[in-house]
Amino acid sequence: MSTIKKILAYEILDSRGFPTIEARLITSDNRQVNTSIPAGTSVGKYEAVEVRDNDPLRFNGMGVQSGVSVINDLIGPKLAGVDTKRQADVDQWLNTADGTKNKSKLGGNVTLAISQLMVKAGAMDQSLPLFYYVNKLYEIQNKEFIRIEKIPTPIFDIINGGKHANNTLEFQEFQIIPSSSLPFARALQIGAEIFHELKDVLLYRNANISVGEEGGFAPNLSTNIDAFELIQETISQRGLKPGLDVFFGLDAAANSFFKNDKYMIKDKPHALGRDEYLEFLLSLTKSYPFLAIEDPLEEDDFTGWSKFAQALPTNIYLIGDDLLAANKTRLSRAIKEKSCTTMLVKPNQIGTISEVLDVIHEARQGGINYVISHRSGETNDTFVADFAVGVQADFVKFGAPSRGERVSKYNRLWRIVREELKI
């Protein structure tokens, strides 16, 4: 048995060039693990609070020295001597010490750093792959066994818009999803090949090939439909069949273009009320082979979500991100009102891994699927890849198949396939 000898935290830069927390746990037998915490750009109001310094003279107020100090001066010393396998106890202690519903005292970035360190240290202490240890934690906590038998299907964000890009597109992510019947290595190959083919298509059309925050291209297009047309053309040029080999996905992130009770998109000459906007979305599903639609409506319109869920073809996953923020209370309401079929899970929306496992259990009990996701401000930490395998998520959403902070996670899944699961 190993115990915590010391915990150290410090600042590093995330993929956007803003500071975030990285932390190191050193055990009593002088082994160590590291973890780093991502941050979102498009942040729902029901997420755990992320502590920032708000010092305008340093990193435009985005520094996290205050969070680092909390770990180094308060939390770390109190955890010295604690068994690295006491995940639930430490997570509960963090929640009690914070004492708020949204981690506004300590900060979700602070509590998650400690929580992820505990998971990694516990796995190391038992000489287990991280994904397998996560799987064991879930079983112990929720008294439910999940058999590890697949690698989640990747959702690739290949065109960025909304808050993730400086272009004219309102929708935030235009995605491709290889068929879930394909082996992961083949799915990854398809994603990378389509990404490079799309670059050639954009160059041929004299469109911008700069990339957004999540690695997808950020062209200036006249309408959101133009992006779908480009993707359809690209898939066909690769000799693949849309709706058979590859499907479409969309993260609308509707909060960003919902103004004065209307949805404002360039595809229509006027602002749209909810019903007219939903008709537009449904028309897209008839024109393109969609498999998943995320955040199509603003985050508080449970009635509209339920209406869309009822009208949407049953083979399309309706994913709640801002709607749910991986919050148990909101998830329970969504299950009751049948507002969505799938939950997006970002661990930093909650703040401790025990709570993430708890909300996943709630989703499974309610017949809700789940997707494990990165954030726009990412690090090279691959924790979420192992976590997704451990809880057997249906999909993972790690961004485009480019940029180091994105491909590190896809490469980790590929390594798990080759070296550990061999499936």
# chains A, B, ... in the order shown; residues from 1 in each chain; ligands from 1
$ residues_around --residues "A:Val90" --least-positions-apart "5" --cutoff "9 Å" --atoms "only C-alpha atoms" --output "PyMOL selection string"
chain A and resi 79+82+95+114-115+118
$ residues_around --residues "stretch 353-358 of chain A" --least-positions-apart "5" --cutoff "7 Å" --atoms "only C-alpha atoms" --output "VMD selection string"
chain A and resid 88 91 115 to 116 138 347
$ closest_residue --among "A:Leu182, A:Ile225, A:Ile71, A:Val110" --to "A:Ile265" --atoms "only C-alpha atoms"
A:Ile225
$ residues_around --residues "stretch 314-330 of chain A" --least-positions-apart "5" --cutoff "6 Å" --atoms "only C-alpha atoms" --output "PyMOL selection string"
chain A and resi 44+46-47+291-295+299+340-345+359
$ residues_around --residues "A:Ser28" --least-positions-apart "5" --cutoff "9 Å" --atoms "only C-alpha atoms" --output "ChimeraX atom specification"
/A:2-6,81
$ atom_distance --atom1 "atom CA of A:Pro152" --atom2 "atom CA of A:Phe383"
14.4 Å
$ select_by_dssp --residues "stretch 148-191 of chain A" --states "alpha helix (DSSP H)" --output "ChimeraX atom specification"
/A:184-191
$ closest_residue --among "A:Gln65, A:Ser283, A:Asn369, A:Gln237" --to "A:Arg52" --atoms "only C-alpha atoms"
A:Gln65
$ closest_residue --among "A:Ile177, A:Ala207, A:Phe395, A:Ala121" --to "A:Leu230" --atoms "only C-alpha atoms"
A:Ala207
$ select_by_dssp --residues "stretch 171-318 of chain A" --states "strand (DSSP E)" --output "MDAnalysis selection string"
chainID A and resid 173:178 246:251 258:259 262:263 290:294 317:318
$ write_last_selection --atoms "C-alpha atoms" --output "CSV table (one decimal), in the first residue's frame"
chain,number,residue,atom,x,y,z
A,173,GLU,CA,-18.8,22.1,-34.5
A,174,PHE,CA,-19.4,20.3,-37.8
A,175,GLN,CA,-18.5,16.6,-37.2
A,176,ILE,CA,-17.9,13.3,-38.9
A,177,ILE,CA,-18.6,10.0,-37.2
A,178,PRO,CA,-17.2,6.8,-38.7
A,246,VAL,CA,-19.4,7.9,-42.2
A,247,PHE,CA,-22.2,9.9,-40.6
A,248,PHE,CA,-22.7,13.6,-39.8
A,249,GLY,CA,-22.6,15.1,-36.3
A,250,LEU,CA,-23.4,18.7,-35.2
A,251,ASP,CA,-22.7,20.7,-32.1
A,258,PHE,CA,-30.1,32.6,-29.2
A,259,LYS,CA,-31.0,36.3,-28.7
A,262,LYS,CA,-35.0,34.0,-31.3
A,263,TYR,CA,-32.4,31.9,-33.1
A,290,PHE,CA,-26.9,12.7,-39.2
A,291,LEU,CA,-26.1,10.4,-36.3
A,292,ALA,CA,-25.8,13.0,-33.5
A,293,ILE,CA,-27.0,16.5,-32.8
A,294,GLU,CA,-25.7,18.3,-29.7
A,317,TYR,CA,-28.5,10.7,-30.8
A,318,LEU,CA,-29.8,13.9,-29.2
